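Trainee: Have a look at this one before I ask anything.
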Amino acid sequence: MTHVRQIVEKPWIWSFVGMFLVWLATVLYTGGTGATQVITAALSFATFTVIVGIGQMFVITTGPGNVDLSIPSTIALSGVLAMKIMGGSDAMLAVGLGASLASGFAVGVFNYMLIRLLRIPPIIATLSSSFLILSTAIAYGRGLKIKPPRMLADFTSAQVAGVPILAVVIILFAVGMSILLNRTLYGRSVLAIGQNMRAARLAGIRVERIRFATYTLSAVLAAITGFLLAGFSGGASLNMGQEYLLASIAVVVIGGTSVAGGKSNVPGIWGAAMFMFLLVTMLNTFGASAGIRLILTGIIIVTVITIAGGDKPAR
Amino acid sequence: MLNKKLMGASALALALTAGAAIADTSDKRIALSNNYAGNSWRQAMLQSWEKVTSAAVAEGVVAEAPAFTTAENQVTEQAAQIQNLILQGYDAIVINSASPDALNGAVKQACDAGIVVVSFDGIVTEPCAYRIAVDFKEMGRLQVQYLAERLPDGGNLLEIRGLAGVFVDNEISAGINEEVDNHAQFQIAGSVHGDWAQDVAQKAVAGILPSLPEIVGVVTQGGDGYGAAQAFAAAGRPTPLIVMGNRYDELLWWKEQKDANGYETLSLSIAPGVSTLAFWVAQMVLDGQDVPQDLTVPFLQITQDTLEESLANTQPGGVANVEYSREDTMDVVAEN
């Protein structure tokens with residue numbers, strides 16, 4: 001009994017419950033066809049949302065007002081940069097990845113400088129930097145789409161018995177990130193800052209250093225997403241990151257992380273990312289019109305957040 | 001001596017009258033107000049504008065023709081932008097609008113200030129503006145008619161739509177559905193929104209595909225064909241007949257399939273160079289020529305026979321394009 005209660009009290013469980021219900025509804029509607037294939041598809045696409053979601057989660061955890069809105073343009077810049085440098089050649093794979101990571105790091109440093117040195121609120125800082133980043137991507141790539149190297153395309157779309165390899169890698173990565181959040185000095189500091197920045201500072205935590213690391217981590221993860229996504233979908237385009245702006249925030253919140261900061265978890269991000277993909281799939285399968293689909297998506301997300309975030313008030 | 005002078009004078013006069021049609025607008029300034037630049041089609045559109053207008057400025061046809069793009073793709077932002085352009089005293093404003101009706105107020109102000117307004121692609125409904133529209137419904141109909149020709153036995157179709165809530169998406173989809181109703185052998189088995197983007201289309205198709213019966217044809221809106229092809233391949237399903245758009249990756253994929261197994265399809269799209277058509281229409285109106293208020297642009301159609309040529313003329317990673325010269329524009333105007 002206590003086990004059951006322990007599980008139900010986990011904030012991330014609700015995203016998995018939602019995911020299962022939505023999947024069940026889809027499968028019942030189709031009479032069982034495609035029950036496993038749809039999971040395969042969900043795994044492959046949720047992977048990308050999970051990577052950016054984890055970065056966004058660390059940022060949101062550092063407290064109210066912290067959010068990274070430059071994720072979409074960082075994805076585009078990293079993808080465009082890497083694809084153009086590699087020019088479709090397998091031999092340049094490492095160079096391309098390096099360039100992608102470097103672009104992410106640069107964006108993170110830049111974002112943090114705006115926030116720290118110019119004292120611009122994070123929402124404004126990352127939003128305005130996103131214009132600069134996207135403009136850089138436009139100037140550099142001119143909107144042209146360059147094919148990814150064969151090896152990258154194969155790696156990102158490889159499957160073994162219906163399980164995407166990339167998804168497995170990212171599940172392992174998520175486990176690592178969960179340990180980083182809960183068991184390391186860095187992760188505990190992030191949580192402490194999110195609970196009370198002043199208290200954290202007084203307790204001797206190097207608050208600004210941690211925030212710097214967090215914004216950089218988010219940007220680097222966005223850059224990795226751009227690199228992998230460009231490989232997966234046959235090239236980088238300027239608008240490839242667009243849908244990850246809201247998605248990155250939504251999966252964090254649906255996954256049971258507190259928007260107010262200081263309380264987060266990694267598994268919920270996987271559940272939420274799968275849930276979001278399956279939700280759209282379910283509504284597509286039902287043949288719901290776009291209007292109905294948007295309304296239902298909104299209602300269902302609010303419902304899940306209400307249940308998942310149904311926190312007892314602090315004692 | 002006198003003869004020579006006379007000849008010189010008449011030559012000068014001749015040159016003046018011949019040049020008059022063009023020289024009239026040499027001090028005119030035309031601005032482009034554009035609401036979005038974040039995809040390859042819009043980039044190509046801006047590049048075409050830049051290329052054609054800079055040549056026109058160099059030749060002295062117009063004084064200047066800068067392009068302005070709003071950052072946020074917001075109606076309010078574009079309305080403010082148009083008001084700025086009015087204050088800056090441009091003679092004509094060419095608009096790719098964020099909304100068919102929300103800019104009408106700003107457009108009316110421009111007209112009242114004696115400014116020629118030409119809208120294209122994203123058109124405005126304000127009556128005083130010129131509209132270079134695309135018959136999007138027809139674009140939908142043509143696809144189904146082509147499928148009916150190629151697949152006389154019919155079957156299930158998958159429809160990939162554009163961005164939900166946008167006029168263009170509604171029109172193309174209406175055309176498709178109208179024509180499907182006329183062909184009893186076709187049913188639309190599923191419909192997803194691909195937002196005219198390859199990766200979004202791939203994601204949406206991959207999601208719905210497992211629940212669908214066999215699909216014989218995919219009707220699209222451009223920019224989404226390659227994503228659909230990838231989703232079918234990833235699901236291990238046979239590749240249906242996918243109507244393509246004009247993106248390089250779509251054409252390249254088609255070419256690869258054609259070489260490998262004789263795959264045959266059709267590409268229907270709007271050339272981004274339609275911005276240059278709008279430029280010339282604005283110039284012609286400023287020149288005092290008679291141009292109908294509503295013009296329709298022809299589609300850019302690529303068939304099995306013209307595929308290689310189109311592909312060769314398209315920059316890798318870019319968009320198949322057609323730019324309009326002043327003469328082409330006069331032809332289009334004459335045809336309407």
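A note on labels: chains of the structure tokens are A, B, ... as shown, every chain counts residues from 1, and ligands are counted from 1 in their shown order.
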Show me a table, sorted first by chain and then by increasing residue number, of the residues of chain A having an atom at most 7 Å from chain B, each with its shortest atom pair and the distance in Å to one decimal, counting only C-alpha atoms and written as a tab-separated table.

Mentor:
residue	atom	partner	partner_atom	distance
A:Thr30	CA	B:Ser211	CA	6.0
A:Thr33	CA	B:Ser211	CA	5.7
A:Gly34	CA	B:Pro210	CA	4.3
A:Gln37	CA	B:Pro210	CA	5.8
A:Val38	CA	B:Pro210	CA	5.8
A:Ala41	CA	B:Ala206	CA	6.0
A:Phe45	CA	B:Lys203	CA	6.8
A:Arg142	CA	B:Gln43	CA	6.7
A:Gly143	CA	B:Ser40	CA	4.6
A:Leu144	CA	B:Gly317	CA	4.4
A:Lys145	CA	B:Gly317	CA	3.8
A:Ile146	CA	B:Gly317	CA	5.5
A:Ser233	CA	B:Asp199	CA	5.7
A:Ser237	CA	B:Asn39	CA	7.0
A:Leu238	CA	B:Asn39	CA	5.5
A:Asn239	CA	B:Asn39	CA	5.8
A:Met240	CA	B:Asp199	CA	6.8
A:Thr281	CA	B:Gly207	CA	5.2
A:Asn284	CA	B:Val192	CA	6.2
A:Thr285	CA	B:Ile208	CA	6.0
A:Gly287	CA	B:Gly190	CA	6.7
A:Ala290	CA	B:Ala164	CA	6.0

Trainee: Write out, as an mmCIF file, in the first residue's frame, the residues just selected, with N, CA, C and O atoms.

Mentor:
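Printed below is selection_17.cif as written:
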data_model
loop_
_atom_site.group_PDB
_atom_site.id
_atom_site.type_symbol
_atom_site.label_atom_id
_atom_site.label_comp_id
_atom_site.auth_asym_id
_atom_site.auth_seq_id
_atom_site.Cartn_x
_atom_site.Cartn_y
_atom_site.Cartn_z
ATOM 1 N N THR A 30 -8.487 2.638 -33.422
ATOM 2 C CA THR A 30 -8.059 1.995 -34.671
ATOM 3 C C THR A 30 -8.260 0.487 -34.623
ATOM 4 O O THR A 30 -7.903 -0.201 -35.565
ATOM 5 N N THR A 33 -4.689 -1.627 -34.759
ATOM 6 C CA THR A 33 -3.643 -1.479 -35.777
ATOM 7 C C THR A 33 -2.631 -0.427 -35.354
ATOM 8 O O THR A 33 -2.988 0.631 -34.859
ATOM 9 N N GLY A 34 -1.378 -0.765 -35.583
ATOM 10 C CA GLY A 34 -0.320 0.211 -35.373
ATOM 11 C C GLY A 34 -0.037 0.519 -33.918
ATOM 12 O O GLY A 34 0.566 1.537 -33.607
ATOM 13 N N GLN A 37 3.798 0.431 -33.560
ATOM 14 C CA GLN A 37 4.493 1.384 -34.438
ATOM 15 C C GLN A 37 4.347 2.817 -33.941
ATOM 16 O O GLN A 37 5.250 3.626 -34.086
ATOM 17 N N VAL A 38 3.171 3.085 -33.368
ATOM 18 C CA VAL A 38 2.945 4.462 -32.922
ATOM 19 C C VAL A 38 3.863 4.790 -31.739
ATOM 20 O O VAL A 38 4.330 5.910 -31.571
ATOM 21 N N ALA A 41 7.243 5.572 -33.245
ATOM 22 C CA ALA A 41 7.266 6.938 -33.767
ATOM 23 C C ALA A 41 7.362 7.937 -32.618
ATOM 24 O O ALA A 41 8.131 8.903 -32.670
ATOM 25 N N PHE A 45 10.419 10.781 -32.010
ATOM 26 C CA PHE A 45 10.235 12.228 -32.041
ATOM 27 C C PHE A 45 10.328 12.857 -30.653
ATOM 28 O O PHE A 45 10.761 13.993 -30.510
ATOM 29 N N ARG A 142 21.657 31.418 -45.258
ATOM 30 C CA ARG A 142 20.811 31.950 -46.320
ATOM 31 C C ARG A 142 19.598 31.066 -46.597
ATOM 32 O O ARG A 142 19.098 31.006 -47.726
ATOM 33 N N GLY A 143 19.176 30.348 -45.573
ATOM 34 C CA GLY A 143 17.977 29.539 -45.734
ATOM 35 C C GLY A 143 18.149 28.310 -46.592
ATOM 36 O O GLY A 143 17.186 27.651 -46.941
ATOM 37 N N LEU A 144 19.397 28.007 -46.950
ATOM 38 C CA LEU A 144 19.603 26.831 -47.791
ATOM 39 C C LEU A 144 19.662 25.582 -46.928
ATOM 40 O O LEU A 144 20.125 25.612 -45.809
ATOM 41 N N LYS A 145 19.187 24.496 -47.511
ATOM 42 C CA LYS A 145 19.144 23.264 -46.748
ATOM 43 C C LYS A 145 20.242 22.325 -47.235
ATOM 44 O O LYS A 145 20.275 21.979 -48.405
ATOM 45 N N ILE A 146 21.137 21.947 -46.335
ATOM 46 C CA ILE A 146 22.239 21.074 -46.737
ATOM 47 C C ILE A 146 22.048 19.704 -46.105
ATOM 48 O O ILE A 146 21.689 19.589 -44.938
ATOM 49 N N SER A 233 16.134 14.689 -39.846
ATOM 50 C CA SER A 233 15.102 15.106 -40.798
ATOM 51 C C SER A 233 15.690 15.548 -42.137
ATOM 52 O O SER A 233 15.038 16.240 -42.895
ATOM 53 N N SER A 237 16.967 23.557 -41.307
ATOM 54 C CA SER A 237 16.238 24.670 -41.904
ATOM 55 C C SER A 237 16.041 25.725 -40.829
ATOM 56 O O SER A 237 16.157 25.438 -39.645
ATOM 57 N N LEU A 238 15.727 26.933 -41.252
ATOM 58 C CA LEU A 238 15.648 28.042 -40.303
ATOM 59 C C LEU A 238 14.526 27.866 -39.300
ATOM 60 O O LEU A 238 14.617 28.312 -38.174
ATOM 61 N N ASN A 239 13.451 27.224 -39.719
ATOM 62 C CA ASN A 239 12.314 27.122 -38.805
ATOM 63 C C ASN A 239 12.243 25.780 -38.086
ATOM 64 O O ASN A 239 11.238 25.432 -37.515
ATOM 65 N N MET A 240 13.344 25.022 -38.118
ATOM 66 C CA MET A 240 13.296 23.684 -37.536
ATOM 67 C C MET A 240 13.118 23.705 -36.020
ATOM 68 O O MET A 240 12.670 22.720 -35.442
ATOM 69 N N THR A 281 -1.148 12.780 -32.175
ATOM 70 C CA THR A 281 -1.440 11.609 -33.003
ATOM 71 C C THR A 281 -2.867 11.136 -32.790
ATOM 72 O O THR A 281 -3.593 10.840 -33.742
ATOM 73 N N ASN A 284 -5.245 13.506 -34.428
ATOM 74 C CA ASN A 284 -5.158 13.318 -35.881
ATOM 75 C C ASN A 284 -5.905 12.063 -36.306
ATOM 76 O O ASN A 284 -6.597 12.038 -37.316
ATOM 77 N N THR A 285 -5.734 11.004 -35.519
ATOM 78 C CA THR A 285 -6.372 9.734 -35.842
ATOM 79 C C THR A 285 -7.887 9.847 -35.766
ATOM 80 O O THR A 285 -8.612 9.293 -36.580
ATOM 81 N N GLY A 287 -9.412 12.291 -36.520
ATOM 82 C CA GLY A 287 -9.841 13.177 -37.599
ATOM 83 C C GLY A 287 -10.401 14.481 -37.091
ATOM 84 O O GLY A 287 -11.216 15.116 -37.745
ATOM 85 N N ALA A 290 -8.501 21.142 -37.040
ATOM 86 C CA ALA A 290 -7.414 21.847 -36.362
ATOM 87 C C ALA A 290 -7.910 22.641 -35.162
ATOM 88 O O ALA A 290 -7.279 22.665 -34.109
#

Trainee: In region 31-258 of chain B, what's helix (DSSP H, G or I) per DSSP? Answer as a ChimeraX atom specification?

Mentor: /B:40-58,75-87,104-112,136-150,167-182,198-211,225-234,248-258

Trainee: With only C-alpha atoms as the atoms that count, which of B:Ala312, B:Val281, B:Ala229, B:Ala80 lies nearest to Ile132 (chain B)?

Mentor: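 For Ile132 (chain B), the nearest of the given residues is B:Val281.
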
Trainee: Would you mind reading off the distance between CA of Phe279 (chain B) and CA of Lys51 (chain B), one decimal, in Å?

Mentor: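 Atom-to-atom, CA of Phe279 (chain B) and CA of Lys51 (chain B) are spaced 11.6 Å apart.
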
Trainee: Excluding same-chain residues fewer than 2 positions from region 187-198 of chain A, what lies within 7 Å of it counting only C-alpha atoms, as a VMD selection string?

Mentor: chain A and resid 61 to 63 180 to 185 200 to 202 205 207 210 261 to 263

Trainee: For CA of Ala273 (chain A) and CA of Thr49 (chain A), determine how far apart the two atoms are, in Å to one decimal place.

Mentor: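 Distance reported for this atom pair: 6.1 Å.
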
Trainee: Can you measure CA of Val291 (chain B) to CA of Gly273 (chain B) for me? One decimal in Å is fine.

Mentor: 19.3 Å

Trainee: Compare B:Leu157, B:Val124, B:Leu266, B:Ile302 by their minimum atom-to-atom distance to Val219 (chain B), counting only C-alpha atoms, and give me the closest one.

Mentor: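 The closest residue to Val219 (chain B) is B:Leu157.
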
Trainee: Tell me, as a ChimeraX atom specification, which residues lie within 9 Å of Lys84 (chain A), counting only C-alpha atoms; anything in the same chain fewer than 2 positions away does not count.

Mentor: /A:79-82,86-88,96,140-141,145-148,236

Trainee: List the spatial neighbours of region 107-113 of chain A as a ChimeraX atom specification - criterion: any atom at most 6 Å away, only C-alpha atoms, same-chain residues fewer than 5 positions off excluded.

Mentor: /A:126,212,215-216,219

Trainee: Save out the residues we just selected, all heavy atoms, as a CSV table (one decimal), in the first residue's frame.

Mentor:
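That gives us again.csv:
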chain,number,residue,atom,x,y,z
A,126,THR,N,16.7,36.3,-23.2
A,126,THR,CA,16.8,35.2,-24.1
A,126,THR,C,16.0,35.4,-25.4
A,126,THR,O,16.3,35.0,-26.5
A,126,THR,CB,16.4,33.9,-23.5
A,126,THR,OG1,15.1,34.1,-22.9
A,126,THR,CG2,17.4,33.5,-22.4
A,212,PHE,N,25.1,30.6,-14.4
A,212,PHE,CA,25.9,30.6,-15.7
A,212,PHE,C,25.9,29.2,-16.3
A,212,PHE,O,25.7,29.0,-17.4
A,212,PHE,CB,27.3,31.2,-15.4
A,212,PHE,CG,28.3,31.0,-16.5
A,212,PHE,CD1,28.1,31.7,-17.7
A,212,PHE,CD2,29.3,30.0,-16.5
A,212,PHE,CE1,29.0,31.6,-18.7
A,212,PHE,CE2,30.2,29.9,-17.5
A,212,PHE,CZ,30.0,30.6,-18.7
A,215,TYR,N,22.4,28.2,-17.8
A,215,TYR,CA,22.0,28.8,-19.1
A,215,TYR,C,22.9,28.2,-20.2
A,215,TYR,O,22.4,28.0,-21.3
A,215,TYR,CB,22.1,30.3,-19.0
A,215,TYR,CG,20.8,30.9,-18.5
A,215,TYR,CD1,20.7,31.2,-17.1
A,215,TYR,CD2,19.7,31.1,-19.3
A,215,TYR,CE1,19.6,31.7,-16.6
A,215,TYR,CE2,18.6,31.6,-18.8
A,215,TYR,CZ,18.5,31.9,-17.4
A,215,TYR,OH,17.3,32.4,-16.9
A,216,THR,N,24.2,28.0,-19.8
A,216,THR,CA,25.0,27.4,-20.8
A,216,THR,C,24.6,25.9,-21.2
A,216,THR,O,24.6,25.5,-22.3
A,216,THR,CB,26.5,27.4,-20.3
A,216,THR,OG1,26.8,28.7,-19.9
A,216,THR,CG2,27.5,27.0,-21.4
A,219,ALA,N,21.6,26.0,-23.5
A,219,ALA,CA,22.0,26.3,-24.9
A,219,ALA,C,22.7,25.2,-25.5
A,219,ALA,O,22.5,24.9,-26.7
A,219,ALA,CB,22.8,27.6,-24.9

Trainee: Please extract the residues of region 44-269 of chain B with a backbone DSSP assignment of strand (DSSP E or B) and present them as a ChimeraX atom specification.

Mentor: /B:64,67-69,92-96,116-120,130-134,155-161,186-193,217-219,241-242,244,247,267-269
